[in-house]
>>> print(open('final-v3.cif').read())   # mmCIF, C-alpha atoms and all ligand atoms
data_run
loop_
_atom_site.group_PDB
_atom_site.id
_atom_site.type_symbol
_atom_site.label_atom_id
_atom_site.label_comp_id
_atom_site.auth_asym_id
_atom_site.auth_seq_id
_atom_site.Cartn_x
_atom_site.Cartn_y
_atom_site.Cartn_z
ATOM 1 C CA MET A 1 -25.429 92.190 -115.728
ATOM 2 C CA ALA A 2 -29.118 91.254 -115.908
ATOM 3 C CA ALA A 3 -28.171 88.225 -118.023
ATOM 4 C CA THR A 4 -25.549 87.140 -115.488
ATOM 5 C CA SER A 5 -27.990 87.677 -112.668
ATOM 6 C CA ALA A 6 -30.556 85.515 -114.528
ATOM 7 C CA VAL A 7 -28.047 82.650 -114.609
ATOM 8 C CA ALA A 8 -27.632 82.901 -110.848
ATOM 9 C CA GLU A 9 -31.426 82.899 -110.499
ATOM 10 C CA LEU A 10 -31.501 79.432 -112.060
ATOM 11 C CA LEU A 11 -29.868 78.175 -108.862
ATOM 12 C CA PRO A 12 -31.702 77.149 -105.697
ATOM 13 C CA ALA A 13 -31.144 79.381 -102.678
ATOM 14 C CA GLY A 14 -28.136 78.272 -100.677
ATOM 15 C CA SER A 15 -26.196 77.088 -103.726
ATOM 16 C CA HIS A 16 -22.448 77.388 -104.034
ATOM 17 C CA VAL A 17 -20.703 78.766 -107.132
ATOM 18 C CA VAL A 18 -17.123 78.391 -108.285
ATOM 19 C CA ALA A 19 -16.115 81.386 -110.390
ATOM 20 C CA SER A 20 -13.105 82.489 -112.352
ATOM 21 C CA ARG A 21 -11.035 84.774 -110.110
ATOM 22 C CA GLY A 22 -10.147 87.079 -112.989
ATOM 23 C CA MET A 23 -13.778 87.857 -113.770
ATOM 24 C CA TYR A 24 -15.126 91.300 -114.691
ATOM 25 C CA GLY A 25 -15.425 93.499 -111.603
ATOM 26 C CA GLY A 26 -19.167 93.978 -112.009
ATOM 27 C CA SER A 27 -19.731 90.209 -112.080
ATOM 28 C CA PHE A 28 -17.474 89.877 -109.040
ATOM 29 C CA ARG A 29 -19.572 92.483 -107.238
ATOM 30 C CA LEU A 30 -22.788 90.636 -108.182
ATOM 31 C CA PHE A 31 -21.537 87.267 -106.919
ATOM 32 C CA ASN A 32 -19.634 88.674 -103.950
ATOM 33 C CA ARG A 33 -22.024 91.309 -102.595
ATOM 34 C CA ILE A 34 -25.525 90.898 -104.048
ATOM 35 C CA LYS A 35 -26.142 87.168 -104.446
ATOM 36 C CA PRO A 36 -25.069 86.187 -100.900
ATOM 37 C CA VAL A 37 -27.765 88.519 -99.544
ATOM 38 C CA SER A 38 -30.536 88.024 -102.104
ATOM 39 C CA GLN A 39 -30.241 84.267 -102.700
ATOM 40 C CA ASN A 40 -27.857 83.018 -100.021
ATOM 41 C CA ILE A 41 -25.487 82.018 -102.831
ATOM 42 C CA LYS A 42 -21.866 81.714 -101.811
ATOM 43 C CA THR A 43 -19.091 81.974 -104.379
ATOM 44 C CA ASP A 44 -15.477 80.898 -104.303
ATOM 45 C CA PHE A 45 -13.286 82.820 -106.730
ATOM 46 C CA VAL A 46 -10.589 80.515 -108.015
ATOM 47 C CA ASP A 47 -7.720 80.773 -110.479
ATOM 48 C CA CYS A 48 -9.333 78.679 -113.211
ATOM 49 C CA SER A 49 -6.049 78.084 -114.996
ATOM 50 C CA ASP A 50 -5.431 75.644 -112.117
ATOM 51 C CA LEU A 51 -7.814 72.715 -112.663
ATOM 52 C CA ALA A 52 -6.862 71.058 -109.380
ATOM 53 C CA ALA A 53 -7.767 74.263 -107.497
ATOM 54 C CA VAL A 54 -11.139 74.374 -109.288
ATOM 55 C CA GLU A 55 -11.868 70.768 -108.379
ATOM 56 C CA ALA A 56 -10.797 71.348 -104.775
ATOM 57 C CA ALA A 57 -13.229 74.274 -104.492
ATOM 58 C CA ILE A 58 -16.259 72.210 -105.578
ATOM 59 C CA THR A 59 -18.508 71.178 -102.677
ATOM 60 C CA SER A 60 -21.716 69.137 -102.459
ATOM 61 C CA ASP A 61 -23.650 72.445 -102.756
ATOM 62 C CA THR A 62 -21.848 73.656 -105.889
ATOM 63 C CA ARG A 63 -24.225 74.067 -108.823
ATOM 64 C CA LEU A 64 -22.463 76.481 -111.188
ATOM 65 C CA LEU A 65 -18.998 76.973 -112.645
ATOM 66 C CA TRP A 66 -18.779 80.544 -113.953
ATOM 67 C CA LEU A 67 -15.922 81.209 -116.352
ATOM 68 C CA GLU A 68 -14.717 84.252 -118.257
ATOM 69 C CA SER A 69 -12.165 84.084 -121.060
ATOM 70 C CA PRO A 70 -10.400 86.315 -121.918
ATOM 71 C CA THR A 71 -10.974 88.214 -118.695
ATOM 72 C CA ASN A 72 -11.670 91.920 -118.362
ATOM 73 C CA PRO A 73 -9.227 93.633 -117.978
ATOM 74 C CA ALA A 74 -6.285 91.261 -117.334
ATOM 75 C CA LEU A 75 -6.915 89.102 -120.460
ATOM 76 C CA GLN A 76 -6.355 85.784 -118.747
ATOM 77 C CA ILE A 77 -7.458 82.803 -120.841
ATOM 78 C CA VAL A 78 -8.732 79.537 -119.394
ATOM 79 C CA ASP A 79 -9.165 76.127 -120.980
ATOM 80 C CA ILE A 80 -12.935 76.059 -121.489
ATOM 81 C CA ALA A 81 -13.107 72.474 -122.804
ATOM 82 C CA ALA A 82 -11.136 71.053 -119.877
ATOM 83 C CA LEU A 83 -13.121 73.089 -117.343
ATOM 84 C CA ALA A 84 -16.459 72.097 -118.914
ATOM 85 C CA GLU A 85 -15.472 68.452 -118.642
ATOM 86 C CA LEU A 86 -14.477 68.915 -115.023
ATOM 87 C CA GLY A 87 -17.692 70.808 -114.247
ATOM 88 C CA HIS A 88 -19.857 68.129 -115.838
ATOM 89 C CA LYS A 89 -18.036 65.394 -113.919
ATOM 90 C CA HIS A 90 -19.482 67.118 -110.834
ATOM 91 C CA ASP A 91 -22.934 67.772 -112.399
ATOM 92 C CA LEU A 92 -22.426 71.527 -112.527
ATOM 93 C CA LEU A 93 -23.857 73.990 -114.986
ATOM 94 C CA VAL A 94 -20.929 75.503 -116.865
ATOM 95 C CA ALA A 95 -21.367 79.107 -117.977
ATOM 96 C CA VAL A 96 -18.910 81.296 -119.871
ATOM 97 C CA ASP A 97 -18.850 85.074 -120.108
ATOM 98 C CA ASN A 98 -17.745 85.327 -123.740
ATOM 99 C CA THR A 99 -17.980 89.117 -123.973
ATOM 100 C CA PHE A 100 -14.274 89.678 -124.680
ATOM 101 C CA SER A 101 -14.242 87.136 -127.458
ATOM 102 C CA THR A 102 -17.638 87.573 -129.170
ATOM 103 C CA PRO A 103 -19.430 84.632 -130.839
ATOM 104 C CA LEU A 104 -17.122 84.970 -133.835
ATOM 105 C CA GLY A 105 -14.009 84.718 -131.717
ATOM 106 C CA GLN A 106 -14.963 81.725 -129.629
ATOM 107 C CA GLN A 107 -17.911 79.349 -129.285
ATOM 108 C CA PRO A 108 -18.001 77.989 -125.732
ATOM 109 C CA LEU A 109 -21.054 75.792 -126.431
ATOM 110 C CA SER A 110 -18.949 73.799 -128.924
ATOM 111 C CA LEU A 111 -16.260 73.557 -126.267
ATOM 112 C CA GLY A 112 -18.739 71.932 -123.873
ATOM 113 C CA ALA A 113 -20.266 74.836 -121.931
ATOM 114 C CA ASP A 114 -24.007 74.895 -121.159
ATOM 115 C CA ILE A 115 -24.539 78.662 -121.106
ATOM 116 C CA VAL A 116 -22.800 81.538 -122.855
ATOM 117 C CA MET A 117 -23.241 85.135 -121.766
ATOM 118 C CA HIS A 118 -22.416 88.155 -123.906
ATOM 119 C CA SER A 119 -22.563 91.750 -122.883
ATOM 120 C CA CYS A 120 -23.940 93.087 -126.160
ATOM 121 C CA THR A 121 -23.082 96.581 -124.959
ATOM 122 C CA LYS A 122 -19.602 95.949 -126.383
ATOM 123 C CA TRP A 123 -18.655 94.586 -129.848
ATOM 124 C CA MET A 124 -22.036 92.956 -130.563
ATOM 125 C CA GLY A 125 -23.717 96.379 -130.636
ATOM 126 C CA GLY A 126 -20.424 97.911 -131.678
ATOM 127 C CA HIS A 127 -21.359 101.590 -131.663
ATOM 128 C CA SER A 128 -21.480 102.443 -127.943
ATOM 129 C CA ASP A 129 -25.136 103.337 -128.201
ATOM 130 C CA THR A 130 -27.018 100.373 -126.792
ATOM 131 C CA LEU A 131 -26.973 98.282 -123.597
ATOM 132 C CA GLY A 132 -27.847 94.626 -123.532
ATOM 133 C CA GLY A 133 -26.991 91.117 -122.496
ATOM 134 C CA MET A 134 -27.528 87.780 -124.160
ATOM 135 C CA LEU A 135 -27.690 84.212 -122.921
ATOM 136 C CA VAL A 136 -27.137 81.378 -125.375
ATOM 137 C CA VAL A 137 -27.920 77.833 -124.255
ATOM 138 C CA LYS A 138 -27.957 74.357 -125.795
ATOM 139 C CA ASP A 139 -30.698 72.713 -123.840
ATOM 140 C CA ALA A 140 -34.380 73.472 -124.586
ATOM 141 C CA LYS A 141 -35.451 73.176 -120.916
ATOM 142 C CA LEU A 142 -32.664 75.549 -119.877
ATOM 143 C CA ALA A 143 -33.800 77.978 -122.579
ATOM 144 C CA ASP A 144 -37.353 77.895 -121.168
ATOM 145 C CA ASP A 145 -36.092 78.457 -117.623
ATOM 146 C CA VAL A 146 -33.915 81.388 -118.661
ATOM 147 C CA GLN A 147 -36.704 82.923 -120.723
ATOM 148 C CA LEU A 148 -39.105 82.685 -117.790
ATOM 149 C CA ILE A 149 -36.634 84.351 -115.420
ATOM 150 C CA SER A 150 -35.912 87.061 -117.973
ATOM 151 C CA SER A 151 -39.548 88.018 -118.543
ATOM 152 C CA ALA A 152 -40.686 87.406 -114.960
ATOM 153 C CA THR A 153 -38.004 89.713 -113.542
ATOM 154 C CA GLY A 154 -38.229 92.307 -116.311
ATOM 155 C CA ALA A 155 -34.719 91.731 -117.634
ATOM 156 C CA VAL A 156 -35.681 92.396 -121.255
ATOM 157 C CA MET A 157 -34.371 94.738 -123.945
ATOM 158 C CA SER A 158 -36.443 97.635 -125.173
ATOM 159 C CA PRO A 159 -37.488 97.510 -128.854
ATOM 160 C CA PHE A 160 -35.206 100.411 -129.791
ATOM 161 C CA GLU A 161 -32.150 98.868 -128.149
ATOM 162 C CA SER A 162 -32.956 95.551 -129.836
ATOM 163 C CA TYR A 163 -33.072 97.391 -133.161
ATOM 164 C CA LEU A 164 -29.682 99.014 -132.554
ATOM 165 C CA LEU A 165 -28.203 95.657 -131.590
ATOM 166 C CA LEU A 166 -29.557 93.948 -134.711
ATOM 167 C CA ARG A 167 -28.107 96.712 -136.860
ATOM 168 C CA GLY A 168 -24.749 96.458 -135.130
ATOM 169 C CA ILE A 169 -24.456 92.678 -135.388
ATOM 170 C CA LYS A 170 -24.596 92.833 -139.190
ATOM 171 C CA THR A 171 -21.113 94.376 -139.317
ATOM 172 C CA LEU A 172 -19.559 92.421 -136.445
ATOM 173 C CA ALA A 173 -17.272 90.342 -138.689
ATOM 174 C CA LEU A 174 -15.954 93.364 -140.590
ATOM 175 C CA ARG A 175 -15.419 95.379 -137.443
ATOM 176 C CA LEU A 176 -13.680 92.557 -135.597
ATOM 177 C CA ALA A 177 -11.214 91.971 -138.408
ATOM 178 C CA LYS A 178 -10.205 95.647 -138.288
ATOM 179 C CA HIS A 179 -10.191 95.744 -134.471
ATOM 180 C CA GLU A 180 -7.846 92.767 -134.449
ATOM 181 C CA GLU A 181 -5.542 94.262 -137.085
ATOM 182 C CA ASN A 182 -5.329 97.483 -135.045
ATOM 183 C CA CYS A 183 -4.745 95.557 -131.803
ATOM 184 C CA PHE A 184 -1.793 93.711 -133.304
ATOM 185 C CA ALA A 185 -0.256 96.942 -134.627
ATOM 186 C CA ILE A 186 -0.746 98.752 -131.310
ATOM 187 C CA ALA A 187 0.401 95.819 -129.168
ATOM 188 C CA ARG A 188 3.610 95.463 -131.208
ATOM 189 C CA PHE A 189 4.263 99.205 -130.985
ATOM 190 C CA LEU A 190 3.691 99.280 -127.217
ATOM 191 C CA GLU A 191 5.754 96.130 -126.656
ATOM 192 C CA GLN A 192 8.926 97.985 -127.638
ATOM 193 C CA HIS A 193 8.047 101.258 -125.881
ATOM 194 C CA PRO A 194 10.292 102.084 -122.892
ATOM 195 C CA LYS A 195 7.427 103.586 -120.868
ATOM 196 C CA VAL A 196 5.407 100.381 -121.067
ATOM 197 C CA GLN A 197 6.298 97.657 -118.608
ATOM 198 C CA GLU A 198 4.105 94.894 -119.978
ATOM 199 C CA VAL A 199 1.751 94.381 -122.911
ATOM 200 C CA ARG A 200 -0.973 91.752 -122.803
ATOM 201 C CA TYR A 201 -2.650 90.666 -126.009
ATOM 202 C CA PRO A 202 -3.606 87.018 -126.583
ATOM 203 C CA GLY A 203 -2.210 87.231 -130.132
ATOM 204 C CA LEU A 204 1.317 87.991 -128.904
ATOM 205 C CA GLN A 205 3.675 85.100 -128.305
ATOM 206 C CA SER A 206 4.558 86.756 -124.999
ATOM 207 C CA HIS A 207 0.995 86.214 -123.717
ATOM 208 C CA PRO A 208 1.207 83.435 -121.097
ATOM 209 C CA GLN A 209 -1.716 81.520 -122.646
ATOM 210 C CA HIS A 210 -0.930 82.282 -126.308
ATOM 211 C CA GLU A 211 -0.904 78.589 -127.313
ATOM 212 C CA LEU A 212 -4.247 77.987 -125.606
ATOM 213 C CA ALA A 213 -5.665 81.096 -127.299
ATOM 214 C CA LYS A 214 -4.559 79.759 -130.696
ATOM 215 C CA ARG A 215 -6.283 76.463 -129.989
ATOM 216 C CA GLN A 216 -9.464 77.821 -128.467
ATOM 217 C CA MET A 217 -10.142 81.098 -130.266
ATOM 218 C CA ASN A 218 -10.773 81.988 -133.907
ATOM 219 C CA ASN A 219 -9.265 85.434 -133.412
ATOM 220 C CA PHE A 220 -7.456 87.094 -130.550
ATOM 221 C CA GLY A 221 -10.033 89.635 -129.535
ATOM 222 C CA ALA A 222 -10.035 93.384 -129.557
ATOM 223 C CA VAL A 223 -8.521 94.515 -126.253
ATOM 224 C CA VAL A 224 -4.912 95.303 -125.423
ATOM 225 C CA THR A 225 -4.023 95.722 -121.754
ATOM 226 C CA ILE A 226 -0.790 97.306 -120.618
ATOM 227 C CA LEU A 227 1.046 98.046 -117.413
ATOM 228 C CA LEU A 228 2.468 101.546 -117.624
ATOM 229 C CA ASP A 229 5.862 102.293 -116.156
ATOM 230 C CA GLY A 230 4.625 105.148 -113.991
ATOM 231 C CA ASP A 231 2.231 106.261 -111.266
ATOM 232 C CA GLU A 232 -1.333 107.553 -111.447
ATOM 233 C CA ALA A 233 -0.091 110.999 -112.486
ATOM 234 C CA ALA A 234 1.615 109.378 -115.496
ATOM 235 C CA VAL A 235 -1.655 107.663 -116.422
ATOM 236 C CA GLU A 236 -3.500 110.968 -116.158
ATOM 237 C CA SER A 237 -0.914 112.787 -118.217
ATOM 238 C CA LEU A 238 -1.085 110.108 -120.936
ATOM 239 C CA PHE A 239 -4.879 110.261 -121.002
ATOM 240 C CA ASN A 240 -4.943 114.057 -121.170
ATOM 241 C CA LYS A 241 -2.593 114.139 -124.148
ATOM 242 C CA LEU A 242 -4.424 111.561 -126.249
ATOM 243 C CA GLN A 243 -6.442 113.056 -129.092
ATOM 244 C CA LEU A 244 -7.976 110.080 -130.880
ATOM 245 C CA PHE A 245 -8.578 107.667 -128.006
ATOM 246 C CA ILE A 246 -11.656 108.546 -126.018
ATOM 247 C CA ILE A 247 -11.304 108.177 -122.253
ATOM 248 C CA ALA A 248 -14.131 105.806 -121.425
ATOM 249 C CA GLU A 249 -15.276 103.112 -119.036
ATOM 250 C CA GLY A 250 -16.865 101.310 -121.932
ATOM 251 C CA LEU A 251 -15.289 99.426 -124.788
ATOM 252 C CA GLY A 252 -16.094 97.546 -127.957
ATOM 253 C CA GLY A 253 -17.227 100.441 -130.147
ATOM 254 C CA VAL A 254 -15.947 101.574 -133.545
ATOM 255 C CA GLU A 255 -14.127 104.468 -131.876
ATOM 256 C CA SER A 256 -10.909 103.821 -129.944
ATOM 257 C CA MET A 257 -11.305 103.958 -126.196
ATOM 258 C CA ILE A 258 -8.893 103.872 -123.309
ATOM 259 C CA GLY A 259 -9.607 103.340 -119.645
ATOM 260 C CA HIS A 260 -7.883 102.998 -116.301
ATOM 261 C CA PRO A 261 -9.704 100.061 -114.646
ATOM 262 C CA PRO A 262 -8.589 100.841 -111.058
ATOM 263 C CA THR A 263 -10.180 104.304 -111.075
ATOM 264 C CA MET A 264 -12.862 103.790 -113.706
ATOM 265 C CA SER A 265 -14.605 100.495 -114.596
ATOM 266 C CA HIS A 266 -13.400 98.725 -111.445
ATOM 267 C CA ASN A 267 -13.430 101.573 -108.947
ATOM 268 C CA SER A 268 -16.498 100.240 -107.138
ATOM 269 C CA LEU A 269 -14.240 97.458 -105.854
ATOM 270 C CA LEU A 270 -12.164 97.834 -102.724
ATOM 271 C CA PRO A 271 -8.381 98.106 -103.280
ATOM 272 C CA GLU A 272 -7.909 94.619 -101.784
ATOM 273 C CA GLU A 273 -10.592 93.234 -104.130
ATOM 274 C CA ARG A 274 -8.749 94.716 -107.121
ATOM 275 C CA GLU A 275 -5.523 93.194 -105.898
ATOM 276 C CA PHE A 276 -7.309 89.831 -105.528
ATOM 277 C CA LEU A 277 -8.584 90.105 -109.131
ATOM 278 C CA GLY A 278 -5.116 91.029 -110.426
ATOM 279 C CA ILE A 279 -5.740 94.677 -111.346
ATOM 280 C CA PRO A 280 -2.730 96.802 -110.369
ATOM 281 C CA ASP A 281 -2.857 100.613 -110.308
ATOM 282 C CA SER A 282 -0.611 100.826 -113.387
ATOM 283 C CA MET A 283 -3.064 98.870 -115.552
ATOM 284 C CA ILE A 284 -4.533 100.551 -118.648
ATOM 285 C CA ARG A 285 -7.028 98.946 -120.999
ATOM 286 C CA LEU A 286 -7.181 99.897 -124.659
ATOM 287 C CA SER A 287 -10.093 99.106 -126.917
ATOM 288 C CA PRO A 288 -8.774 100.073 -130.358
ATOM 289 C CA GLY A 289 -11.520 101.057 -132.765
ATOM 290 C CA ILE A 290 -11.604 100.736 -136.539
ATOM 291 C CA GLU A 291 -9.650 103.894 -137.369
ATOM 292 C CA ASN A 292 -6.389 103.903 -139.298
ATOM 293 C CA ALA A 293 -3.756 102.009 -137.276
ATOM 294 C CA ALA A 294 -0.970 104.476 -138.112
ATOM 295 C CA ASP A 295 -3.080 107.365 -136.775
ATOM 296 C CA LEU A 296 -3.749 105.486 -133.532
ATOM 297 C CA ILE A 297 -0.083 104.640 -133.062
ATOM 298 C CA ALA A 298 0.945 108.233 -133.785
ATOM 299 C CA ASP A 299 -1.533 109.374 -131.136
ATOM 300 C CA LEU A 300 -0.144 106.951 -128.545
ATOM 301 C CA GLU A 301 3.420 107.877 -129.496
ATOM 302 C CA GLN A 302 2.925 111.617 -128.986
ATOM 303 C CA ALA A 303 1.006 111.106 -125.726
ATOM 304 C CA LEU A 304 3.598 108.714 -124.279
ATOM 305 C CA ALA A 305 6.410 111.080 -125.254
HETATM 306 C C1 LIG B 1 -16.607 90.745 -119.463
HETATM 307 C C2 LIG B 1 -17.817 91.540 -119.131
HETATM 308 N N1 LIG B 1 -18.924 90.930 -118.705
HETATM 309 C C3 LIG B 1 -20.035 91.623 -118.375
HETATM 310 C C4 LIG B 1 -20.081 92.992 -118.453
HETATM 311 C C5 LIG B 1 -21.341 93.732 -118.062
HETATM 312 O O1 LIG B 1 -21.931 94.223 -119.179
HETATM 313 P P1 LIG B 1 -23.032 95.375 -119.191
HETATM 314 O O2 LIG B 1 -22.293 96.637 -118.912
HETATM 315 O O3 LIG B 1 -23.553 95.314 -120.594
HETATM 316 O O4 LIG B 1 -24.041 95.035 -118.157
HETATM 317 C C6 LIG B 1 -18.952 93.680 -118.878
HETATM 318 C C7 LIG B 1 -18.942 95.147 -118.932
HETATM 319 O O5 LIG B 1 -17.909 95.767 -119.019
HETATM 320 C C8 LIG B 1 -17.795 92.945 -119.238
HETATM 321 O O6 LIG B 1 -16.682 93.549 -119.663
#
>>> encode(input="final-v3.cif", output="structure tokens")
Amino acid sequence: MAATSAVAELLPAGSHVVASRGMYGGSFRLFNRIKPVSQNIKTDFVDCSDLAAVEAAITSDTRLLWLESPTNPALQIVDIAALAELGHKHDLLVAVDNTFSTPLGQQPLSLGADIVMHSCTKWMGGHSDTLGGMLVVKDAKLADDVQLISSATGAVMSPFESYLLLRGIKTLALRLAKHEENCFAIARFLEQHPKVQEVRYPGLQSHPQHELAKRQMNNFGAVVTILLDGDEAAVESLFNKLQLFIIAEGLGGVESMIGHPPTMSHNSLLPEEREFLGIPDSMIRLSPGIENAADLIADLEQALA
């Protein structure tokens, strides 16, 4: 979040931002509640799969287009190249939260973006034991500006966390390959399960932006999101019966995690804000780890039963 905040601090007070409506709830809270007060920055949250809507939202004060793809937790994918072109036509900085894809899964700078943000707390660290954020930029002047903001505001990583991150990154490729294999196996299992209403995984043909994902991403990421056919009690019962999946707000570690965004990672948002971001009460987010896929499926099968 410090990295995202640093991007906003590049902007003059009074700027306007156009942001992806499906963005992570914490980023939404930053742009919707904090930045209007601290920097007089106003943000319009737009469905960025609709290029005309994005263009219509741009005003003479707009300075930044903030994208996220795939989004947390709904896994919406947007066309980064097309949006970067549109943003640059209007002289905007184009930034992409690439957390759910990782640098191996997708390289927004090559697709035209100016700034890439990663929460390294997730797959980059990979072991759920370090917190951090990263900004990657093309332009040397932008790099200097970001570096100044980072050190001047104290948004820097401690040496120990940096060490953990460097250790984690070395196995990112191996971990991601296994995460993806497990995601496919789990998504296919859940797709045919009667208690699951909908399965979202960019690698599935049923994902609404599957073709775009194939074009834009090198792999399909490591999160599977489902809509359970049941109420909150059904979610709780499922969670209580699981033995391998850890119930957690976090994600991206070697151990499998499961979370209920409405009551966990996104519970600081008002119900109407969650509805606006497309997070229904039946939504469950799975972050399969690197365990044996058959064990994970057996765990889900017994808990759903
Ligand atoms: C897509 C995305 N961006 C940003 C963040 C914020 O990351 P951190 O918790 O490392 O500040 C998260 C955390 O869940 C996230 O999922």
>>> closest_residue(input="final-v3.cif", among="A:Asp79, A:Asp139, A:Glu9, A:Glu68", to="ligand LIG 1 (chain B)", atoms="all atoms listed in the file")
A:Glu68
>>> resolve_selection(input="final-v3.cif", expression="the PyMOL selection byres (((chain A and resi 11) around 12) and not hetatm)", output="PyMOL selection string")
chain A and resi 4-10+12-17+35+38-42+61-65+92-93+142+145-146+149
>>> write_last_selection(input="final-v3.cif", atoms="C-alpha atoms", output="short mmCIF file (atom, residue, chain, number, x, y, z; two decimals), in the coordinates of the input")
data_model
loop_
_atom_site.label_atom_id
_atom_site.label_comp_id
_atom_site.auth_asym_id
_atom_site.auth_seq_id
_atom_site.Cartn_x
_atom_site.Cartn_y
_atom_site.Cartn_z
CA THR A 4 -25.55 87.14 -115.49
CA SER A 5 -27.99 87.68 -112.67
CA ALA A 6 -30.56 85.52 -114.53
CA VAL A 7 -28.05 82.65 -114.61
CA ALA A 8 -27.63 82.90 -110.85
CA GLU A 9 -31.43 82.90 -110.50
CA LEU A 10 -31.50 79.43 -112.06
CA PRO A 12 -31.70 77.15 -105.70
CA ALA A 13 -31.14 79.38 -102.68
CA GLY A 14 -28.14 78.27 -100.68
CA SER A 15 -26.20 77.09 -103.73
CA HIS A 16 -22.45 77.39 -104.03
CA VAL A 17 -20.70 78.77 -107.13
CA LYS A 35 -26.14 87.17 -104.45
CA SER A 38 -30.54 88.02 -102.10
CA GLN A 39 -30.24 84.27 -102.70
CA ASN A 40 -27.86 83.02 -100.02
CA ILE A 41 -25.49 82.02 -102.83
CA LYS A 42 -21.87 81.71 -101.81
CA ASP A 61 -23.65 72.44 -102.76
CA THR A 62 -21.85 73.66 -105.89
CA ARG A 63 -24.22 74.07 -108.82
CA LEU A 64 -22.46 76.48 -111.19
CA LEU A 65 -19.00 76.97 -112.64
CA LEU A 92 -22.43 71.53 -112.53
CA LEU A 93 -23.86 73.99 -114.99
CA LEU A 142 -32.66 75.55 -119.88
CA ASP A 145 -36.09 78.46 -117.62
CA VAL A 146 -33.92 81.39 -118.66
CA ILE A 149 -36.63 84.35 -115.42
#
>>> resolve_selection(input="final-v3.cif", expression="the PyMOL selection byres (((chain A and resi 200) around 10) and not hetatm)", output="number ranges by chain")
A: 73-76, 187, 190-191, 198-199, 201-208, 223-227, 285
>>> resolve_selection(input="final-v3.cif", expression="the PyMOL selection byres (((not hetatm)) within 9 of (chain B and resi 1))", output="PyMOL selection string")
chain A and resi 1-4+23-27+68-73+97-100+117-122+130-133+249-251+265
>>> closest_atom_pairs(input="final-v3.cif", of="range 155-251 of chain A", to="range 101-108 of chain A", cutoff="12 Å", atoms="all atoms listed in the file", output="Markdown table")
| residue | atom | partner | partner_atom | distance |
| --- | --- | --- | --- | --- |
| A:Ile169 | CA | A:Pro103 | CA | 10.5 |
| A:Thr171 | CA | A:Leu104 | CA | 11.6 |
| A:Leu172 | CA | A:Leu104 | CA | 8.3 |
| A:Ala173 | CA | A:Leu104 | CA | 7.2 |
| A:Leu174 | CA | A:Leu104 | CA | 10.8 |
| A:Arg175 | CA | A:Leu104 | CA | 11.1 |
| A:Leu176 | CA | A:Leu104 | CA | 8.5 |
| A:Ala177 | CA | A:Leu104 | CA | 10.2 |
| A:His179 | CA | A:Ser101 | CA | 11.8 |
| A:Glu180 | CA | A:Gly105 | CA | 10.5 |
| A:Pro202 | CA | A:Ser101 | CA | 10.7 |
| A:Ala213 | CA | A:Gln106 | CA | 9.6 |
| A:Lys214 | CA | A:Gln106 | CA | 10.6 |
| A:Arg215 | CA | A:Gln106 | CA | 10.2 |
| A:Gln216 | CA | A:Gln106 | CA | 6.8 |
| A:Met217 | CA | A:Gln106 | CA | 4.9 |
| A:Asn218 | CA | A:Gly105 | CA | 4.8 |
| A:Asn219 | CA | A:Gly105 | CA | 5.1 |
| A:Phe220 | CA | A:Gly105 | CA | 7.1 |
| A:Gly221 | CA | A:Ser101 | CA | 5.3 |
| A:Ala222 | CA | A:Ser101 | CA | 7.8 |
| A:Val223 | CA | A:Ser101 | CA | 9.4 |
>>> closest_residue(input="final-v3.cif", among="A:Asp114, A:Glu55, A:Asp129, A:Glu291", to="Lys89 in chain A", atoms="all atoms listed in the file")
A:Glu55
>>> atom_distance(input="final-v3.cif", atom1="CA of Lys195 in chain A", atom2="CA of Ala305 in chain A")
8.7 Å
>>> decode(input="final-v3.cif", residues="range 251-257 of chain A", atoms="N, CA, C and O atoms", output="tab-separated table (two decimals), in the first residue's frame")
chain	number	residue	atom	x	y	z
A	251	LEU	N	-2.54	-14.23	0.85
A	251	LEU	CA	-2.48	-15.20	-0.24
A	251	LEU	C	-1.08	-15.16	-0.84
A	251	LEU	O	-0.28	-14.31	-0.50
A	252	GLY	N	-0.83	-16.13	-1.72
A	252	GLY	CA	0.44	-16.10	-2.45
A	252	GLY	C	1.58	-16.85	-1.80
A	252	GLY	O	2.72	-16.76	-2.25
A	253	GLY	N	1.30	-17.61	-0.74
A	253	GLY	CA	2.36	-18.38	-0.08
A	253	GLY	C	2.38	-19.82	-0.57
A	253	GLY	O	1.50	-20.25	-1.33
A	254	VAL	N	3.38	-20.58	-0.12
A	254	VAL	CA	3.50	-21.97	-0.55
A	254	VAL	C	2.39	-22.85	0.04
A	254	VAL	O	2.10	-23.93	-0.47
A	255	GLU	N	1.75	-22.38	1.12
A	255	GLU	CA	0.68	-23.15	1.73
A	255	GLU	C	-0.66	-22.68	1.15
A	255	GLU	O	-0.83	-21.51	0.86
A	256	SER	N	-1.60	-23.61	0.99
A	256	SER	CA	-2.89	-23.23	0.42
A	256	SER	C	-3.69	-22.40	1.42
A	256	SER	O	-3.74	-22.72	2.60
A	257	MET	N	-4.30	-21.35	0.89
A	257	MET	CA	-5.08	-20.46	1.75
A	257	MET	C	-6.46	-20.24	1.13
A	257	MET	O	-6.61	-20.27	-0.09
